[in-house]
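Enquirer: Sending over protein_1.csv (CSV, C-alpha atoms).
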chain,number,residue,atom,x,y,z
A,1107,GLY,CA,175.6,20.0,345.2
A,1108,LYS,CA,178.0,22.5,343.6
A,1109,ILE,CA,175.1,24.7,342.7
A,1110,GLU,CA,173.9,24.7,346.3
A,1111,GLU,CA,177.4,25.4,347.5
A,1112,ALA,CA,177.8,28.4,345.1
A,1113,ARG,CA,174.4,29.8,346.0
A,1114,GLY,CA,175.3,29.6,349.7
A,1115,TYR,CA,178.6,31.4,349.1
A,1116,LEU,CA,177.0,34.1,347.0
A,1117,ALA,CA,174.2,34.6,349.6
A,1118,SER,CA,176.9,35.1,352.3
A,1119,ALA,CA,178.7,37.6,350.2
A,1120,VAL,CA,175.6,39.6,349.7
A,1121,GLU,CA,174.7,39.7,353.4
A,1122,GLU,CA,178.3,40.7,354.4
A,1123,ALA,CA,178.7,43.4,351.7
A,1124,PRO,CA,178.8,47.1,352.7
A,1125,ALA,CA,175.8,49.1,351.6
A,1126,THR,CA,177.6,52.0,349.9
A,1127,GLY,CA,179.8,52.5,346.9
A,1128,ALA,CA,179.1,52.0,343.1
A,1129,ASP,CA,181.5,49.1,342.9
A,1130,VAL,CA,179.9,47.4,345.9
A,1131,ALA,CA,176.4,48.0,344.4
A,1132,GLU,CA,177.5,46.3,341.2
A,1133,ARG,CA,179.0,43.3,343.0
A,1134,VAL,CA,175.9,42.9,345.2
A,1135,GLY,CA,173.6,43.2,342.2
A,1136,ARG,CA,175.6,40.6,340.3
A,1137,ALA,CA,175.6,38.3,343.3
A,1138,ARG,CA,171.8,38.6,343.8
A,1139,VAL,CA,171.2,37.9,340.2
A,1140,LEU,CA,173.5,34.9,340.2
A,1141,ILE,CA,171.7,33.5,343.3
A,1142,CYS,CA,168.4,33.6,341.3
A,1143,LEU,CA,170.1,32.2,338.2
A,1144,LEU,CA,171.7,29.3,340.0
A,1145,ALA,CA,168.4,28.5,341.8
A,1146,SER,CA,166.5,28.5,338.6
A,1147,GLU,CA,169.1,26.3,336.8
A,1148,ALA,CA,168.7,23.9,339.7
A,1149,GLY,CA,164.9,23.9,339.2
A,1150,ASP,CA,164.4,25.5,342.6
A,1151,VAL,CA,161.7,28.0,341.3
A,1152,ALA,CA,160.6,29.0,344.9
A,1153,ALA,CA,164.1,30.0,345.9
A,1154,ALA,CA,164.7,31.9,342.6
A,1155,ASN,CA,161.4,33.8,343.1
A,1156,ALA,CA,162.2,34.6,346.7
A,1157,ASP,CA,165.3,36.5,345.8
A,1158,LEU,CA,163.9,37.9,342.5
A,1159,GLU,CA,162.6,41.2,343.7
A,1160,ARG,CA,165.7,42.2,345.6
A,1161,ALA,CA,167.8,41.2,342.6
A,1162,ARG,CA,165.7,43.3,340.3
A,1163,GLN,CA,166.1,46.3,342.6
A,1164,SER,CA,169.8,45.8,342.7
A,1165,VAL,CA,170.0,45.9,338.9
A,1166,GLU,CA,167.7,48.9,338.5
A,1167,ILE,CA,170.1,51.1,340.5
A,1168,LEU,CA,173.0,50.4,338.0
A,1169,PRO,CA,173.6,53.0,335.2
A,1170,GLU,CA,171.3,52.5,332.3
A,1171,GLY,CA,172.7,51.4,328.9
A,1172,THR,CA,175.8,49.8,330.3
A,1173,ALA,CA,176.8,46.3,329.3
A,1174,LYS,CA,176.9,45.2,333.0
A,1175,ARG,CA,173.3,46.2,333.5
A,1176,GLU,CA,172.1,44.6,330.2
A,1177,ARG,CA,173.8,41.3,331.1
A,1178,LEU,CA,172.2,41.2,334.5
A,1179,ALA,CA,168.8,42.2,333.1
A,1180,ALA,CA,169.0,39.4,330.5
A,1181,ALA,CA,169.8,36.9,333.3
A,1182,LEU,CA,166.8,38.0,335.3
A,1183,HIS,CA,164.5,37.6,332.3
A,1184,LEU,CA,165.8,34.0,332.0
A,1185,VAL,CA,165.0,33.5,335.6
A,1186,GLU,CA,161.5,34.8,335.0
A,1187,ALA,CA,161.1,32.7,331.9
A,1188,ARG,CA,162.0,29.6,333.8
A,1189,SER,CA,159.6,30.5,336.6
A,1190,ASP,CA,156.7,30.9,334.0
A,1191,ARG,CA,157.7,27.7,332.3
A,1192,GLY,CA,157.6,25.8,335.6
A,1193,ALA,CA,154.1,27.2,336.3
A,1194,GLY,CA,153.0,26.0,332.8
A,1195,ASP,CA,152.7,29.5,331.3
A,1196,THR,CA,154.6,29.0,328.1
A,1197,GLU,CA,153.3,32.1,326.4
A,1198,GLU,CA,154.6,34.3,329.2
A,1199,ALA,CA,157.8,32.4,329.4
A,1200,LEU,CA,158.5,32.9,325.7
A,1201,LYS,CA,157.9,36.7,326.1
A,1202,HIS,CA,160.6,36.8,328.8
A,1203,TYR,CA,163.0,34.7,326.7
A,1204,ARG,CA,162.5,37.2,323.8
A,1205,THR,CA,163.2,40.1,326.1
A,1206,ALA,CA,166.4,38.3,327.3
A,1207,PHE,CA,167.5,37.7,323.7
A,1208,GLU,CA,167.1,41.4,322.9
A,1209,ALA,CA,169.5,42.3,325.7
A,1210,MET,CA,171.9,39.5,324.7
A,1211,THR,CA,171.9,40.6,321.1
A,1212,LEU,CA,172.9,44.1,322.2
A,1213,LEU,CA,175.8,42.6,324.2
A,1214,CYS,CA,176.8,40.4,321.2
A,1215,GLN,CA,176.8,43.5,318.9
A,1216,ALA,CA,179.0,45.3,321.4
A,1217,GLU,CA,181.4,42.3,321.7
A,1218,PRO,CA,181.1,40.3,318.5
A,1219,ASN,CA,184.1,38.2,319.4
A,1220,ASN,CA,183.0,37.3,322.9
A,1221,ALA,CA,182.2,33.6,322.5
A,1222,SER,CA,180.9,33.2,326.0
A,1223,ILE,CA,178.1,35.7,325.4
A,1224,ARG,CA,177.2,34.1,322.1
A,1225,LEU,CA,177.1,30.7,323.6
A,1226,TRP,CA,174.9,32.0,326.4
A,1227,ARG,CA,172.4,33.3,323.8
A,1228,VAL,CA,172.5,30.0,322.0
A,1229,GLN,CA,171.8,28.1,325.2
A,1230,GLY,CA,168.9,30.5,325.7
A,1231,TYR,CA,167.6,29.8,322.3
A,1232,THR,CA,167.7,26.0,323.0
A,1233,GLU,CA,166.0,26.4,326.4
A,1234,ALA,CA,163.2,28.5,324.8
A,1235,ALA,CA,162.9,26.0,322.0
A,1236,GLU,CA,162.5,23.2,324.6
A,1237,ALA,CA,159.8,25.2,326.3
A,1238,ALA,CA,158.0,25.7,323.0
A,1239,GLU,CA,158.3,22.0,322.1
A,1240,GLY,CA,157.0,21.0,325.5
A,1241,ALA,CA,153.9,23.0,325.0
A,1242,GLY,CA,153.4,21.9,321.4
A,1243,VAL,CA,154.3,25.3,319.9
A,1244,ALA,CA,156.2,23.7,317.0
A,1245,ASP,CA,156.6,26.8,314.7
A,1246,ALA,CA,158.3,28.9,317.5
A,1247,ALA,CA,160.5,25.9,318.4
A,1248,ILE,CA,161.7,25.4,314.8
A,1249,VAL,CA,162.6,29.1,314.5
A,1250,LEU,CA,164.6,29.0,317.7
A,1251,ARG,CA,166.4,25.8,316.8
A,1252,GLN,CA,167.4,27.3,313.5
A,1253,LYS,CA,168.7,30.5,315.1
A,1254,ALA,CA,170.8,28.3,317.5
A,1255,ALA,CA,172.1,26.3,314.6
A,1256,VAL,CA,173.1,29.3,312.5
A,1257,GLU,CA,174.9,30.9,315.5
A,1258,LEU,CA,176.7,27.7,316.4
A,1259,MET,CA,177.9,27.1,312.8
A,1260,GLU,CA,179.4,30.6,312.8
A,1261,MET,CA,181.1,30.0,316.1
A,1262,LEU,CA,182.4,26.6,314.9
A,1263,ASP,CA,184.0,28.4,311.9
A,1264,GLN,CA,185.9,30.5,314.4
A,1265,ASP,CA,186.8,27.7,316.8
A,1266,SER,CA,186.5,24.3,315.1
A,1267,GLU,CA,187.8,22.3,318.1
A,1268,ASP,CA,185.5,23.5,320.9
A,1269,PRO,CA,183.6,20.4,322.0
A,1270,LEU,CA,180.9,22.4,323.8
A,1271,ILE,CA,180.0,24.2,320.5
A,1272,LYS,CA,180.0,20.9,318.7
A,1273,VAL,CA,177.7,19.3,321.2
A,1274,GLU,CA,175.3,22.3,321.2
A,1275,LEU,CA,175.2,22.3,317.4
A,1276,SER,CA,174.5,18.5,317.4
A,1277,GLY,CA,171.6,19.1,319.8
A,1278,ALA,CA,170.2,21.8,317.5
A,1279,LEU,CA,170.5,19.4,314.5
A,1280,ALA,CA,168.9,16.6,316.5
A,1281,ALA,CA,165.7,18.6,317.1
A,1282,GLN,CA,165.5,19.6,313.4
A,1283,SER,CA,166.1,16.0,312.2
A,1284,GLU,CA,163.4,14.6,314.5
A,1285,ALA,CA,161.0,17.2,313.3
A,1286,ASN,CA,161.7,16.3,309.7
A,1287,LEU,CA,161.3,12.6,310.5
A,1288,GLU,CA,157.8,13.3,312.0
A,1289,GLU,CA,156.9,15.2,308.8
A,1290,GLY,CA,158.0,12.3,306.7
A,1291,ASN,CA,161.0,14.2,305.2
A,1292,LEU,CA,163.3,11.2,305.4
A,1293,GLU,CA,166.3,12.4,303.3
A,1294,GLU,CA,166.5,15.7,305.2
A,1295,ALA,CA,166.1,13.9,308.6
A,1296,ARG,CA,168.9,11.5,307.7
A,1297,GLU,CA,171.2,14.2,306.4
A,1298,LEU,CA,170.8,16.3,309.6
A,1299,ALA,CA,171.3,13.2,311.8
A,1300,LEU,CA,174.5,12.2,310.0
A,1301,ARG,CA,175.9,15.7,310.5
A,1302,GLY,CA,175.0,15.4,314.2
A,1303,ILE,CA,176.6,12.0,314.4
A,1304,LYS,CA,179.9,13.4,312.9
A,1305,LEU,CA,180.0,16.2,315.5
A,1306,CYS,CA,179.3,13.8,318.5
A,1307,GLU,CA,181.9,11.3,317.3
A,1308,GLU,CA,184.5,14.0,317.0
A,1309,VAL,CA,183.9,15.0,320.6
A,1310,LEU,CA,183.9,11.5,321.9
A,1311,LYS,CA,187.2,10.8,320.2
A,1312,GLY,CA,188.8,13.2,322.6
A,1313,GLY,CA,188.7,10.5,325.2
A,1314,LYS,CA,187.0,12.5,327.9
A,1315,GLN,CA,183.6,11.5,329.3
A,1316,PHE,CA,180.9,13.5,327.6
A,1317,PRO,CA,177.5,11.9,328.5
A,1318,LYS,CA,175.5,14.5,326.7
A,1319,ALA,CA,177.3,13.7,323.4
A,1320,LYS,CA,176.4,10.0,323.9
A,1321,VAL,CA,172.7,10.8,324.5
A,1322,LEU,CA,172.6,13.0,321.4
A,1323,LEU,CA,174.5,10.4,319.4
A,1324,GLY,CA,172.0,7.7,320.4
A,1325,GLY,CA,169.2,10.0,319.3
A,1326,HIS,CA,170.8,10.7,315.9
A,1327,LYS,CA,171.3,6.9,315.4
A,1328,GLY,CA,167.6,6.4,316.3
A,1329,VAL,CA,166.7,8.8,313.4
A,1330,VAL,CA,169.0,7.0,311.0
A,1331,ALA,CA,167.5,3.6,312.1
A,1332,ALA,CA,164.0,4.9,311.3
A,1333,CYS,CA,165.1,6.0,307.9
A,1334,LEU,CA,166.8,2.7,307.2
A,1335,HIS,CA,163.6,0.9,308.3
A,1336,ALA,CA,161.5,3.1,306.0
A,1337,LYS,CA,163.8,2.3,303.1
A,1338,GLY,CA,163.5,-1.5,303.7
A,1339,ASP,CA,166.7,-2.2,305.5
A,1340,ALA,CA,165.2,-3.7,308.7
A,1341,ASN,CA,168.3,-5.5,309.7
A,1342,GLY,CA,170.4,-2.4,309.5
A,1343,ALA,CA,167.8,-0.5,311.4
A,1344,LEU,CA,167.7,-2.9,314.3
A,1345,ALA,CA,171.5,-3.0,314.5
A,1346,THR,CA,171.6,0.8,314.6
A,1347,VAL,CA,168.9,1.0,317.3
A,1348,ASN,CA,170.9,-1.5,319.4
A,1349,GLU,CA,174.0,0.8,319.1
A,1350,ALA,CA,171.8,3.8,320.1
A,1351,ILE,CA,170.5,2.0,323.2
A,1352,GLU,CA,174.0,1.0,324.3
A,1353,LEU,CA,175.2,4.6,324.0
A,1354,VAL,CA,172.4,6.0,326.1
A,1355,ASN,CA,172.9,3.3,328.7
A,1356,GLU,CA,176.6,4.2,328.8
A,1357,ALA,CA,175.7,7.9,329.3
A,1358,LEU,CA,173.4,7.0,332.2
A,1359,ASP,CA,176.1,4.8,333.8
A,1360,GLU,CA,178.3,7.9,333.6
A,1361,LYS,CA,175.8,9.8,335.8
A,1362,CYS,CA,174.4,11.8,332.9
A,1363,GLU,CA,172.5,14.8,334.3
A,1364,GLU,CA,170.6,15.4,331.1
A,1365,GLU,CA,166.8,15.2,331.7
A,1366,LEU,CA,166.4,14.0,328.1
A,1367,ALA,CA,168.5,10.8,328.6
A,1368,PRO,CA,165.8,8.6,330.3
A,1369,PHE,CA,163.2,9.8,327.8
A,1370,ARG,CA,165.6,9.0,324.9
A,1371,LEU,CA,166.2,5.5,326.3
A,1372,ALA,CA,162.4,4.9,326.5
A,1373,LEU,CA,161.9,6.1,322.9
A,1374,LEU,CA,164.7,3.8,321.7
A,1375,ASN,CA,163.3,0.8,323.5
A,1376,TRP,CA,159.9,1.6,321.9
A,1377,GLN,CA,161.6,1.7,318.5
A,1378,LYS,CA,163.2,-1.6,319.2
A,1379,ALA,CA,159.8,-3.1,320.2
A,1380,THR,CA,158.3,-1.9,316.9
A,1381,MET,CA,161.1,-3.4,314.9
A,1382,SER,CA,160.9,-6.7,316.8
A,1383,GLY,CA,157.2,-6.8,315.9
A,1384,PHE,CA,158.2,-6.3,312.2
A,1385,PHE,CA,160.3,-9.4,312.4
A,1386,GLY,CA,157.4,-11.3,314.1
A,1387,ARG,CA,159.1,-11.5,317.4
A,1388,ARG,CA,156.0,-10.9,319.5
A,1389,THR,CA,157.6,-11.7,322.9
A,1390,ASP,CA,160.5,-9.2,322.2
A,1391,GLU,CA,158.0,-6.6,321.0
A,1392,LEU,CA,156.0,-6.8,324.2
A,1393,THR,CA,159.1,-7.0,326.4
A,1394,TYR,CA,160.8,-3.9,325.0
A,1395,GLY,CA,157.4,-2.1,324.7
A,1396,LYS,CA,156.8,-2.8,328.4
A,1397,GLN,CA,160.2,-1.5,329.3
A,1398,ALA,CA,159.6,1.7,327.4
A,1399,ARG,CA,156.2,2.1,329.1
A,1400,GLU,CA,157.6,1.7,332.6
A,1401,GLN,CA,160.4,4.2,331.8
A,1402,LEU,CA,157.8,6.8,330.5
A,1403,ILE,CA,155.6,6.3,333.6
A,1404,THR,CA,158.6,6.9,335.8
A,1405,ILE,CA,159.5,10.1,334.0
A,1406,LEU,CA,155.8,11.2,334.2
A,1407,LYS,CA,155.8,10.7,337.9
A,1408,GLY,CA,158.9,12.9,338.3
A,1409,ASN,CA,159.4,16.6,338.0
A,1410,CYS,CA,160.7,16.9,334.4
A,1411,GLN,CA,161.0,20.2,332.4
A,1412,TYR,CA,162.3,18.7,329.1
A,1413,PRO,CA,160.7,16.6,328.0
A,1414,SER,CA,157.5,18.2,329.3
A,1415,LYS,CA,154.7,16.2,330.9
A,1416,ARG,CA,152.7,16.8,327.7
A,1417,GLN,CA,155.5,15.3,325.6
A,1418,VAL,CA,155.8,12.2,327.8
A,1419,ARG,CA,152.0,11.8,328.1
A,1420,ARG,CA,151.7,12.0,324.3
A,1421,ALA,CA,154.4,9.4,323.8
A,1422,LEU,CA,152.8,7.1,326.3
A,1423,ALA,CA,149.4,7.4,324.7
A,1424,TYR,CA,150.8,6.2,321.4
A,1425,LEU,CA,152.9,3.5,323.0
A,1426,SER,CA,150.0,2.1,325.0
A,1427,GLY,CA,148.0,1.8,321.8
A,1428,ASP,CA,150.9,0.0,320.1
A,1429,LEU,CA,151.1,-2.4,323.1
A,1430,GLY,CA,147.4,-3.0,322.8
A,1431,VAL,CA,147.9,-4.0,319.1
A,1432,ALA,CA,150.9,-6.2,320.0
A,1433,ALA,CA,149.1,-7.9,322.9
A,1434,HIS,CA,146.1,-8.6,320.7
A,1435,GLY,CA,148.4,-10.1,318.0
A,1436,ALA,CA,150.0,-12.3,320.7
A,1437,GLY,CA,146.6,-13.6,321.8
A,1438,ARG,CA,146.7,-11.7,325.1
A,1439,ASP,CA,143.3,-10.0,324.7
A,1440,ALA,CA,142.9,-9.1,328.4
A,1441,ASP,CA,146.3,-7.3,328.4
A,1442,ALA,CA,145.3,-5.6,325.1
A,1443,ALA,CA,142.1,-4.2,326.6
A,1444,ASP,CA,144.1,-2.8,329.5
A,1445,TYR,CA,146.5,-1.1,327.2
A,1446,PHE,CA,143.8,0.4,325.0
A,1447,ARG,CA,142.0,1.7,328.2
A,1448,GLU,CA,145.2,3.3,329.3
A,1449,SER,CA,145.7,4.9,325.9
A,1450,VAL,CA,142.1,6.3,326.0
A,1451,THR,CA,142.7,7.8,329.4
A,1452,LEU,CA,145.9,9.5,328.3
A,1453,TRP,CA,144.3,10.9,325.1
A,1454,LYS,CA,141.4,12.2,327.1
A,1455,GLU,CA,143.7,13.9,329.5
A,1456,LEU,CA,145.6,15.5,326.6
A,1457,THR,CA,142.4,16.6,324.8
A,1458,SER,CA,141.0,18.1,328.1
A,1459,ASN,CA,143.9,20.6,328.0
A,1460,GLU,CA,143.9,21.1,324.2
A,1461,ALA,CA,140.3,20.4,323.0
A,1462,GLU,CA,141.1,21.7,319.5
A,1463,ASN,CA,144.2,19.6,318.9
A,1464,VAL,CA,143.4,17.5,315.9
A,1465,GLU,CA,146.2,15.0,316.6
A,1466,PHE,CA,144.9,14.3,320.1
A,1467,GLN,CA,141.3,14.0,318.9
A,1468,GLU,CA,142.3,11.4,316.2
A,1469,GLY,CA,144.4,9.5,318.8
A,1470,LEU,CA,141.4,9.3,321.1
A,1471,HIS,CA,139.1,8.2,318.3
A,1472,TRP,CA,141.6,5.5,317.3
A,1473,ALA,CA,142.1,4.2,320.8
A,1474,GLN,CA,138.4,4.0,321.4
A,1475,GLU,CA,137.6,1.9,318.3
Represent the structure from my file as structure tokens, please.

Expert:
Amino acid sequence: GKIEEARGYLASAVEEAPATGADVAERVGRARVLICLLASEAGDVAAANADLERARQSVEILPEGTAKRERLAAALHLVEARSDRGAGDTEEALKHYRTAFEAMTLLCQAEPNNASIRLWRVQGYTEAAEAAEGAGVADAAIVLRQKAAVELMEMLDQDSEDPLIKVELSGALAAQSEANLEEGNLEEARELALRGIKLCEEVLKGGKQFPKAKVLLGGHKGVVAACLHAKGDANGALATVNEAIELVNEALDEKCEEELAPFRLALLNWQKATMSGFFGRRTDELTYGKQAREQLITILKGNCQYPSKRQVRRALAYLSGDLGVAAHGAGRDADAADYFRESVTLWKELTSNEAENVEFQEGLHWAQE
């Protein structure tokens, strides 16, 4: 609502502005770029693209080499990156992100103590990393997450109490800890997660609602739970997962706007299902697994950017296979067959887009057996 209101106000200002004068040209250029930027942030790619050419023309008439022009040019590259990302062209999106970062870096060099510009660049790194992760470009995502983390740690040294910096750093650490967990690097995953937990808890102690911090905290606790389970502490793992689920549900109750929140809840319910199966609680395993499945299907039917459709489909393919095994173990062979068929369908869809992906090929082979 606020984005729509701001976009309408800016559009009116542009239409009413006089057509002459350098200061007017700059204000009009800035307003046009902001209209595109706000539209792209709201996920309204069509509206952003509709104003893009006029915004580009407004920027091009500004003096070259000035900070004002560089800032607006960087913003336009972000808009174009989001447009490419929405169209599924991650390679082109990453090119636009890189060009935006070049302009942002020049601005940071010119104003090294300007925290708002540095944070803007960090958020750009995070956004680009999400695009890379969503397309399965893991190496690029790792580099971008590391750049974000390094920048944020430097900023935190300068302002140790800024909650936004702490939350952004916690997010960068979360992505790295989960990547390490997938690779089997349990100690590194746990260490990164504990650092993220500390940052989120410091923010939440302030007493203000900060749903994103709760979602991240839930994710970090999910990593810690997985590490505890791998080390043989199943009871500690289950208790930690329950804490994580409660945190994410609280965030959702607080009208959390983070796209990741429903996906995080689904993953945690899946994790709880797996742990219930470890304890031999087949009914709980199927109950929580079905909840996770329904949540993932709901996300898949929506218009999500992060997680991407690919990420959600991949998770659902694995989960359907797990439900097939659980249903078979509970003597529900008809249900098991349905889950395995669903898993096969999902893996086929994933391999149709990435025929050379070994993980997807192996997933399909396993589900078909």

Enquirer: If we count all atoms listed in the file, what is near segment 1325-1330 of chain A at a cut-off of 7 Å, once residues fewer than 5 positions away on the same chain are taken out, given as a VMD selection string?

Expert: chain A and resid 1280 1284 1296 1299 1302 to 1303 1346 to 1347 1350 1370 1374

Enquirer: Write a file of the just-selected residues containing C-alpha atoms, as a PDB file, keeping the file's coordinate frame.

Expert:
ATOM      1  CA  ALA A1280     168.900  16.600 316.500  1.00  0.00           C
ATOM      2  CA  GLU A1284     163.400  14.600 314.500  1.00  0.00           C
ATOM      3  CA  ARG A1296     168.900  11.500 307.700  1.00  0.00           C
ATOM      4  CA  ALA A1299     171.300  13.200 311.800  1.00  0.00           C
ATOM      5  CA  GLY A1302     175.000  15.400 314.200  1.00  0.00           C
ATOM      6  CA  ILE A1303     176.600  12.000 314.400  1.00  0.00           C
ATOM      7  CA  THR A1346     171.600   0.800 314.600  1.00  0.00           C
ATOM      8  CA  VAL A1347     168.900   1.000 317.300  1.00  0.00           C
ATOM      9  CA  ALA A1350     171.800   3.800 320.100  1.00  0.00           C
ATOM     10  CA  ARG A1370     165.600   9.000 324.900  1.00  0.00           C
ATOM     11  CA  LEU A1374     164.700   3.800 321.700  1.00  0.00           C
TER      12      LEU A1374
END

Enquirer: Residues near Glu1257 of chain A, anyone? I mean within 12 Å using all atoms listed in the file, not counting same-chain ones fewer than 6 positions away, as a list in words.

Expert: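 Near neighbours after the sequence-gap exclusion: Thr1211, Cys1214, Pro1218, Ala1221, Ile1223, Arg1224, Leu1225, Trp1226, Arg1227, Val1228, Gln1229, Gly1230, Tyr1231, Thr1232, Leu1250, Arg1251, Asp1263, Gln1264, Ile1271, Lys1272, Glu1274, Leu1275 and Ala1278 of chain A.
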
Enquirer: Find the residue from A:Leu1452, A:Ala1379, A:Leu1344, A:Leu1178 that sits nearest to Leu1406 of chain A; use all atoms listed in the file when measuring.

Expert: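 Residue with the minimum atom-to-atom distance to Leu1406 of chain A: A:Leu1452.
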
Enquirer: Could you state the separation of atom CA of Ala1234 of chain A and atom CA of Asp1157 of chain A in Å, given to one decimal place?

Expert: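 So the answer is 22.6 Å.
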
Enquirer: Please provide the set of residues having any atom within 12 Å of segment 1467-1471 of chain A, restricted to all atoms listed in the file, with same-chain residues fewer than 3 positions apart removed, written as a ChimeraX atom specification.

Expert: /A:1420-1428,1446-1464,1474-1475

Enquirer: Near Ser1414 of chain A, counting all atoms listed in the file, which residues have an atom at most 12 Å away, once you skip same-chain residues fewer than 4 positions from it, shown as a PyMOL selection string?

Expert: chain A and resi 1191-1194+1196+1235-1242+1365-1366+1369+1402+1405-1410+1418-1421

Enquirer: Kindly indicate which residue among A:Asn1291, A:Ser1266, A:Gln1252, A:Gln1397 lies nearest to Leu1279 of chain A, using only C-alpha atoms for the distances.

Expert: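 The answer is A:Gln1252, which sits nearest to Leu1279 of chain A.
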
Enquirer: In Å, with one decimal, what is the gap from atom CA of Ile1351 of chain A to atom CA of Asn1375 of chain A?

Expert: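 Separation of atom CA of Ile1351 of chain A and atom CA of Asn1375 of chain A: 7.3 Å.
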
Enquirer: Rank A:Gln1377, A:Glu1400, A:Ser1189, A:Arg1133 by their smallest atom-to-atom distance to Ala1156 of chain A, using only C-alpha atoms, and report the top residue only.

Expert: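 For Ala1156 of chain A, the nearest of the candidates is A:Ser1189.
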
Enquirer: One number please: atom CA of Thr1380 of chain A to atom CA of Leu1323 of chain A, in Å, one decimal.

Expert: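 We find that atom CA of Thr1380 of chain A and atom CA of Leu1323 of chain A lie 20.5 Å from each other.
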
Enquirer: Go through A:Leu1213, A:Ala1332, A:Met1261, A:Leu1310 one by one, measure the shortest atom-to-atom distance of each to Leu1292 of chain A using only C-alpha atoms, and give the residue with the smallest value.

Expert: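 The shortest atom-to-atom distance to Leu1292 of chain A comes from A:Ala1332.
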
Enquirer: Need the shell around Ala1398 of chain A: protein/DNA/RNA residues with any atom at most 7 Å away, counting all atoms listed in the file. Skip same-chain ones fewer than 5 positions apart. Format as a ChimeraX atom specification?

Expert: /A:1372-1373,1375-1376

Enquirer: Those same residues, written as a tab-separated table (two decimals), in the frame of the given file with C-alpha atoms?

Expert:
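Ended up saving to result_25.tsv:
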chain	number	residue	atom	x	y	z
A	1372	ALA	CA	162.40	4.90	326.50
A	1373	LEU	CA	161.90	6.10	322.90
A	1375	ASN	CA	163.30	0.80	323.50
A	1376	TRP	CA	159.90	1.60	321.90

Enquirer: Given all atoms listed in the file as the basis, pick out the residue of A:Ala1209, A:Lys1311, A:Lys1320, A:Lys1201 nearest to Gly1171 of chain A.

Expert: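 Ranking A:Ala1209, A:Lys1311, A:Lys1320, A:Lys1201 by distance to Gly1171 of chain A, first place goes to A:Ala1209.
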
Enquirer: Which protein, DNA or RNA residues are at most 12 Å from (185.9, 12.8, 315.6) in the file's coordinates when you count only C-alpha atoms, listed as a ChimeraX atom specification?

Expert: /A:1266-1269,1272-1273,1301-1313,1319

Enquirer: Just to be explicit: take each residue in the selection above, keep C-alpha atoms, and write the result as a tab-separated table (two decimals), in the frame of the given file.

Expert:
chain	number	residue	atom	x	y	z
A	1266	SER	CA	186.50	24.30	315.10
A	1267	GLU	CA	187.80	22.30	318.10
A	1268	ASP	CA	185.50	23.50	320.90
A	1269	PRO	CA	183.60	20.40	322.00
A	1272	LYS	CA	180.00	20.90	318.70
A	1273	VAL	CA	177.70	19.30	321.20
A	1301	ARG	CA	175.90	15.70	310.50
A	1302	GLY	CA	175.00	15.40	314.20
A	1303	ILE	CA	176.60	12.00	314.40
A	1304	LYS	CA	179.90	13.40	312.90
A	1305	LEU	CA	180.00	16.20	315.50
A	1306	CYS	CA	179.30	13.80	318.50
A	1307	GLU	CA	181.90	11.30	317.30
A	1308	GLU	CA	184.50	14.00	317.00
A	1309	VAL	CA	183.90	15.00	320.60
A	1310	LEU	CA	183.90	11.50	321.90
A	1311	LYS	CA	187.20	10.80	320.20
A	1312	GLY	CA	188.80	13.20	322.60
A	1313	GLY	CA	188.70	10.50	325.20
A	1319	ALA	CA	177.30	13.70	323.40

Enquirer: Name the closest residue to Ala1246 of chain A among the candidates A:Leu1200, A:Ala1145, A:Ala1281, A:Ala1161; distances are taken between atoms, counting all atoms listed in the file.

Expert: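 The shortest atom-to-atom distance to Ala1246 of chain A comes from A:Leu1200.
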